>>> print(open('upload-v7.csv').read())   # CSV, C-alpha atoms
chain,number,residue,atom,x,y,z
J,219,SER,CA,15.8,3.5,-3.2
J,220,ARG,CA,17.5,1.0,-1.0
J,221,ALA,CA,18.3,-2.7,-0.8
J,222,VAL,CA,19.1,-4.7,2.3
J,223,LEU,CA,20.0,-8.3,3.0
J,224,TYR,CA,18.5,-9.3,6.4
J,225,MET,CA,20.0,-12.5,8.0
J,226,VAL,CA,17.6,-14.8,9.8
J,227,ASP,CA,19.1,-16.1,13.0
J,228,ARG,CA,16.6,-18.7,14.3
J,229,ALA,CA,18.8,-19.7,17.3
J,230,ASN,CA,18.7,-16.1,18.7
J,231,ARG,CA,15.2,-15.5,17.2
J,232,THR,CA,16.3,-12.3,15.4
J,233,ILE,CA,16.6,-10.8,11.9
J,234,TRP,CA,19.7,-8.6,11.5
J,235,THR,CA,21.8,-6.7,9.1
J,236,ILE,CA,24.8,-4.4,9.3
J,237,GLY,CA,23.5,-0.8,9.1
J,238,PRO,CA,24.9,2.7,8.9
J,239,GLU,CA,28.5,3.1,10.2
J,240,GLU,CA,28.7,-0.7,10.6
J,241,SER,CA,26.1,-0.7,13.3
J,242,LEU,CA,24.1,-3.8,14.0
J,243,VAL,CA,20.4,-3.4,13.1
J,244,SER,CA,18.4,-6.2,14.8
J,245,ILE,CA,14.8,-7.0,15.5
J,246,ASP,CA,13.1,-10.0,17.1
J,247,LEU,CA,12.0,-12.7,14.7
J,248,LYS,CA,8.2,-12.7,14.7
J,249,GLU,CA,7.4,-16.0,12.9
J,250,ASP,CA,4.5,-16.7,15.2
J,251,ASP,CA,2.9,-13.2,15.5
J,252,ASP,CA,0.1,-12.2,13.2
J,253,PRO,CA,1.7,-9.7,10.9
J,254,ASN,CA,-1.7,-8.4,9.9
J,255,ALA,CA,-2.7,-7.5,13.4
J,256,GLU,CA,-3.4,-3.8,13.9
J,257,GLY,CA,-0.1,-2.0,14.6
J,258,SER,CA,2.0,-5.2,14.4
J,259,ARG,CA,4.9,-3.3,12.8
J,260,VAL,CA,6.9,-6.6,12.4
J,261,GLY,CA,8.5,-5.5,9.1
J,262,PHE,CA,8.3,-7.0,5.7
J,263,ALA,CA,11.4,-9.2,6.2
J,264,ASN,CA,9.6,-10.8,9.1
J,265,LEU,CA,6.4,-11.1,7.0
J,266,ALA,CA,8.4,-12.9,4.3
J,267,VAL,CA,9.7,-15.3,6.9
J,268,HIS,CA,6.3,-15.7,8.5
J,269,ARG,CA,4.6,-16.5,5.2
J,270,ASP,CA,7.6,-18.4,3.9
J,271,GLU,CA,7.2,-16.7,0.5
J,272,PRO,CA,8.0,-13.5,-1.3
J,273,VAL,CA,6.1,-10.3,-0.3
J,274,SER,CA,5.4,-7.5,-2.7
J,275,ILE,CA,3.7,-4.2,-1.8
J,276,LYS,CA,3.2,-2.1,-4.9
J,277,ASP,CA,2.0,1.1,-3.3
J,278,PHE,CA,1.7,2.8,0.1
J,279,ALA,CA,4.0,0.3,1.9
J,280,ASN,CA,4.6,2.8,4.7
J,281,GLY,CA,0.8,2.7,5.5
J,282,GLN,CA,0.6,-1.1,5.9
J,283,THR,CA,0.3,-2.7,9.4
J,284,ALA,CA,3.5,-4.7,9.0
J,285,PHE,CA,5.6,-1.6,8.1
J,286,ASN,CA,8.6,-1.1,10.5
J,287,ASP,CA,10.4,2.2,10.3
J,288,LEU,CA,13.8,0.8,11.2
J,289,LEU,CA,13.6,-2.2,8.8
J,290,ASP,CA,11.5,-0.8,5.9
J,291,SER,CA,12.5,2.8,5.5
J,292,ALA,CA,13.9,3.6,2.0
J,293,ASP,CA,15.6,6.7,3.4
J,294,ILE,CA,19.1,5.7,4.7
J,295,LYS,CA,19.6,9.0,6.6
J,296,HIS,CA,16.3,8.2,8.5
J,297,VAL,CA,17.6,4.7,9.3
J,298,GLU,CA,20.9,6.3,10.6
J,299,LYS,CA,18.8,8.5,13.0
J,300,LEU,CA,16.7,5.5,14.2
J,301,VAL,CA,19.9,3.5,14.8
J,302,LYS,CA,21.4,6.3,16.9
J,303,ILE,CA,18.2,6.7,18.9
J,304,GLN,CA,18.1,2.9,19.5
J,305,SER,CA,21.8,3.1,20.7
J,306,LEU,CA,21.1,6.0,23.0
J,307,THR,CA,18.1,4.4,24.4
J,308,SER,CA,19.9,1.1,25.1
J,309,GLN,CA,22.7,3.0,26.8
J,310,ALA,CA,20.2,4.8,29.0
J,311,GLN,CA,21.4,8.2,27.7
J,312,ASP,CA,19.8,11.6,28.3
J,313,PRO,CA,16.0,11.0,27.8
J,314,ALA,CA,15.5,14.6,26.8
J,315,GLN,CA,18.0,14.2,23.9
J,316,VAL,CA,16.2,11.0,22.8
J,317,LEU,CA,12.8,12.7,22.9
J,318,LYS,CA,14.1,15.6,20.9
J,319,MET,CA,15.6,13.3,18.2
J,320,LYS,CA,12.3,11.3,18.0
J,321,ALA,CA,10.4,14.6,17.5
J,322,GLU,CA,12.7,15.5,14.6
J,323,LEU,CA,12.2,12.2,12.8
J,324,GLU,CA,10.7,12.6,9.4
J,325,PRO,CA,12.0,10.7,6.4
J,326,GLU,CA,12.9,12.6,3.3
J,327,GLU,CA,11.9,9.7,1.1
J,328,ARG,CA,8.8,7.7,1.9
J,329,THR,CA,8.7,3.9,1.3
J,330,GLU,CA,6.1,3.4,-1.4
J,331,SER,CA,6.9,-0.1,-2.7
J,332,ILE,CA,8.7,-3.1,-1.2
J,333,ALA,CA,9.7,-6.5,-2.4
J,334,ALA,CA,11.0,-9.0,0.3
J,335,ILE,CA,12.3,-12.3,-1.0
J,336,PRO,CA,13.3,-15.2,1.2
J,337,VAL,CA,16.8,-16.6,0.5
J,338,ARG,CA,17.1,-20.3,1.0
J,339,ASP,CA,19.9,-22.8,1.8
J,340,SER,CA,20.3,-26.2,0.2
J,341,ARG,CA,17.8,-27.7,2.6
J,342,ASN,CA,15.2,-25.1,1.6
J,343,HIS,CA,15.3,-23.2,4.9
J,344,THR,CA,15.0,-19.4,4.9
J,345,ILE,CA,18.4,-18.1,6.0
J,346,ALA,CA,18.0,-14.5,4.8
J,347,VAL,CA,15.6,-12.0,3.2
J,348,LEU,CA,16.6,-9.7,0.3
J,349,GLN,CA,14.5,-6.6,0.6
J,350,VAL,CA,14.3,-3.8,-2.0
J,351,MET,CA,12.4,-0.6,-1.6
J,352,ASN,CA,11.0,2.1,-4.0
J,353,LYS,CA,11.4,1.0,-7.6
J,354,TRP,CA,12.0,4.0,-9.9
J,355,LYS,CA,11.2,4.2,-13.6
J,356,ALA,CA,12.3,6.8,-16.2
J,357,ALA,CA,9.3,8.9,-17.2
J,358,GLY,CA,10.5,10.9,-20.1
J,359,SER,CA,13.5,13.2,-20.4
J,360,ARG,CA,15.4,13.1,-17.0
J,361,LYS,CA,12.3,12.6,-15.0
J,362,LEU,CA,11.8,9.7,-12.6
J,363,LYS,CA,8.6,8.3,-11.1
J,364,LYS,CA,8.0,5.7,-8.4
J,365,GLU,CA,6.6,2.4,-9.7
J,366,GLY,CA,5.9,-0.6,-7.7
J,367,PHE,CA,7.5,-4.0,-8.2
J,368,ASP,CA,5.6,-6.1,-10.8
J,369,ALA,CA,5.5,-9.9,-11.4
J,370,ASP,CA,8.4,-9.7,-13.8
J,371,ASP,CA,10.5,-7.9,-11.1
J,372,MET,CA,9.6,-10.5,-8.5
J,373,GLU,CA,10.5,-13.4,-10.9
J,374,LYS,CA,13.9,-11.8,-11.5
J,375,LEU,CA,14.5,-11.3,-7.7
J,376,ASN,CA,13.3,-14.8,-6.8
>>> encode(input="upload-v7.csv", output="C-alpha cells")
Amino acid sequence: SRAVLYMVDRANRTIWTIGPEESLVSIDLKEDDDPNAEGSRVGFANLAVHRDEPVSIKDFANGQTAFNDLLDSADIKHVEKLVKIQSLTSQAQDPAQVLKMKAELEPEERTESIAAIPVRDSRNHTIAVLQVMNKWKAAGSRKLKKEGFDADDMEKLN
C-alpha cells in the first residue's frame, strides 16, 4: 500500500511529487491527451486532472491503459529503481547499466486498486491529486486480502 500527493503545476505543465531519497518525481501534465488511448500510460493522477473528478479503479489497475509505472506503482522499492533509471538516463550515464537495471525491474507488489482524488483550492481549481493504492482488508486471523476502494472510501477521501 502507498499514498502520494501529486502537485499540479499548470505553469510548467507537470505533475510532481517528492519521491524516494528526496528525489523529484515529475511527469508532463496530460490534460488534453486521451487517457483511454491504447498505451497512453498517462497515470491516474493525470486522469483525475483530465476528467476533473475522482478516479477509482477497484481491480487490475496495473492492466489499465492509463497505468504509469512511475506514478502508479504501489511498490516503493520499484519506484526507487525507476527514479534511479530516470536519473541515469537524464545524465547520459552508461547505457548498458541502464538496460541492465530495466531488465531487472519487477515490482514485488502489484498495483491492484487505485483511488485518485483531485484537491481543490478556494477557486475550485485542481492544485493537487491525492492518490492511494492497494486497499487491504483483514480476512480472518492475521490474514490480509486486497480489496478495491468502494463508494464509502471515495466519499471519505473526497
>>> residues_around(input="upload-v7.csv", residues="Trp234 (chain J)", least_positions_apart="3", cutoff="8 Å", atoms="all atoms listed in the file", output="PyMOL selection string")
chain J and resi 224-227+242-245
>>> atom_distance(input="upload-v7.csv", atom1="CA of Met351 (chain J)", atom2="CA of Val267 (chain J)")
17.2 Å
>>> closest_residue(input="upload-v7.csv", among="J:Ser331, J:Val273, J:His296, J:Asp246", to="Arg228 (chain J)", atoms="all atoms listed in the file")
J:Asp246
>>> residues_around(input="upload-v7.csv", residues="Glu327 (chain J)", least_positions_apart="2", cutoff="7 Å", atoms="all atoms listed in the file", output="short mmCIF file (atom, residue, chain, number, x, y, z; two decimals) with C-alpha atoms, in the frame of the given file")
data_model
loop_
_atom_site.label_atom_id
_atom_site.label_comp_id
_atom_site.auth_asym_id
_atom_site.auth_seq_id
_atom_site.Cartn_x
_atom_site.Cartn_y
_atom_site.Cartn_z
CA ALA J 292 13.90 3.60 2.00
CA ASP J 293 15.60 6.70 3.40
CA PRO J 325 12.00 10.70 6.40
CA THR J 329 8.70 3.90 1.30
#
>>> atom_distance(input="upload-v7.csv", atom1="CA of Ala333 (chain J)", atom2="CA of Leu289 (chain J)")
12.6 Å
>>> residues_around(input="upload-v7.csv", residues="Phe367 (chain J)", least_positions_apart="2", cutoff="9 Å", atoms="only C-alpha atoms", output="ChimeraX atom specification")
/J:274-277,331-333,351-353,365,369-372
>>> closest_residue(input="upload-v7.csv", among="J:Glu330, J:Glu373, J:Asp339, J:Glu240", to="Asn280 (chain J)", atoms="only C-alpha atoms")
J:Glu330
>>> closest_residue(input="upload-v7.csv", among="J:Leu317, J:Val297, J:Ile233, J:Val260", to="Phe285 (chain J)", atoms="all atoms listed in the file")
J:Val260
>>> residues_around(input="upload-v7.csv", residues="Ile335 (chain J)", least_positions_apart="6", cutoff="8 Å", atoms="only C-alpha atoms", output="ChimeraX atom specification")
/J:263,266,271-273,347-349,375-376
>>> atom_distance(input="upload-v7.csv", atom1="CA of Asp270 (chain J)", atom2="CA of Arg220 (chain J)")
22.3 Å
>>> closest_residue(input="upload-v7.csv", among="J:Lys248, J:His268, J:Arg328, J:Lys295", to="Gly281 (chain J)", atoms="all atoms listed in the file")
J:Arg328
>>> closest_residue(input="upload-v7.csv", among="J:Pro238, J:Thr344, J:Asp368, J:Thr232", to="Arg269 (chain J)", atoms="all atoms listed in the file")
J:Thr344
>>> axis_aligned_box(input="upload-v7.csv", around="region 264-278 of chain J", padding_each_side="4 Å", output="JSON")
{"center_x": 5.7, "center_y": -7.8, "center_z": 2.1, "size_x": 16.0, "size_y": 29.2, "size_z": 22.0}
>>> build_atoms(input="upload-v7.csv", residues="region 334-349 of chain J", atoms="N, CA, C and O atoms", output="compact mmCIF listing (two decimals), keeping the file's coordinate frame")
# COMPACT_ATOMS: atom_id res chain seq x y z
N ALA J 334 10.18 -8.21 -0.64
CA ALA J 334 11.00 -9.00 0.30
C ALA J 334 10.98 -10.42 -0.08
O ALA J 334 9.93 -11.05 -0.14
N ILE J 335 12.16 -10.94 -0.41
CA ILE J 335 12.30 -12.30 -1.00
C ILE J 335 13.13 -13.17 -0.09
O ILE J 335 14.29 -12.86 0.19
N PRO J 336 12.55 -14.29 0.40
CA PRO J 336 13.30 -15.20 1.20
C PRO J 336 14.50 -15.81 0.40
O PRO J 336 14.36 -16.11 -0.78
N VAL J 337 15.65 -15.93 1.06
CA VAL J 337 16.80 -16.60 0.50
C VAL J 337 16.98 -17.91 1.20
O VAL J 337 17.00 -17.95 2.43
N ARG J 338 17.08 -18.99 0.43
CA ARG J 338 17.10 -20.30 1.00
C ARG J 338 18.40 -21.04 0.90
O ARG J 338 19.14 -20.81 -0.05
N ASP J 339 18.66 -21.92 1.86
CA ASP J 339 19.90 -22.80 1.80
C ASP J 339 19.55 -24.03 1.01
O ASP J 339 18.44 -24.20 0.48
N SER J 340 20.50 -24.94 0.95
CA SER J 340 20.30 -26.20 0.20
C SER J 340 19.24 -27.08 0.73
O SER J 340 18.74 -27.96 0.02
N ARG J 341 18.85 -26.87 1.99
CA ARG J 341 17.80 -27.70 2.60
C ARG J 341 16.43 -26.96 2.52
O ARG J 341 15.47 -27.37 3.15
N ASN J 342 16.39 -25.86 1.77
CA ASN J 342 15.20 -25.10 1.60
C ASN J 342 14.72 -24.30 2.80
O ASN J 342 13.57 -23.94 2.92
N HIS J 343 15.64 -24.05 3.74
CA HIS J 343 15.30 -23.20 4.90
C HIS J 343 15.64 -21.78 4.61
O HIS J 343 16.66 -21.48 3.99
N THR J 344 14.78 -20.87 5.05
CA THR J 344 15.00 -19.40 4.90
C THR J 344 16.15 -19.00 5.79
O THR J 344 16.04 -19.13 7.00
N ILE J 345 17.24 -18.52 5.19
CA ILE J 345 18.40 -18.10 6.00
C ILE J 345 18.61 -16.57 5.92
O ILE J 345 19.39 -16.02 6.69
N ALA J 346 17.89 -15.93 5.00
CA ALA J 346 18.00 -14.50 4.80
C ALA J 346 16.79 -13.98 4.06
O ALA J 346 16.02 -14.78 3.52
N VAL J 347 16.65 -12.67 4.03
CA VAL J 347 15.60 -12.00 3.20
C VAL J 347 16.25 -10.87 2.48
O VAL J 347 16.87 -10.00 3.11
N LEU J 348 16.14 -10.87 1.16
CA LEU J 348 16.60 -9.70 0.30
C LEU J 348 15.39 -8.80 0.22
O LEU J 348 14.31 -9.21 -0.21
N GLN J 349 15.59 -7.55 0.62
CA GLN J 349 14.50 -6.60 0.60
C GLN J 349 14.93 -5.37 -0.25
O GLN J 349 16.00 -4.81 -0.02
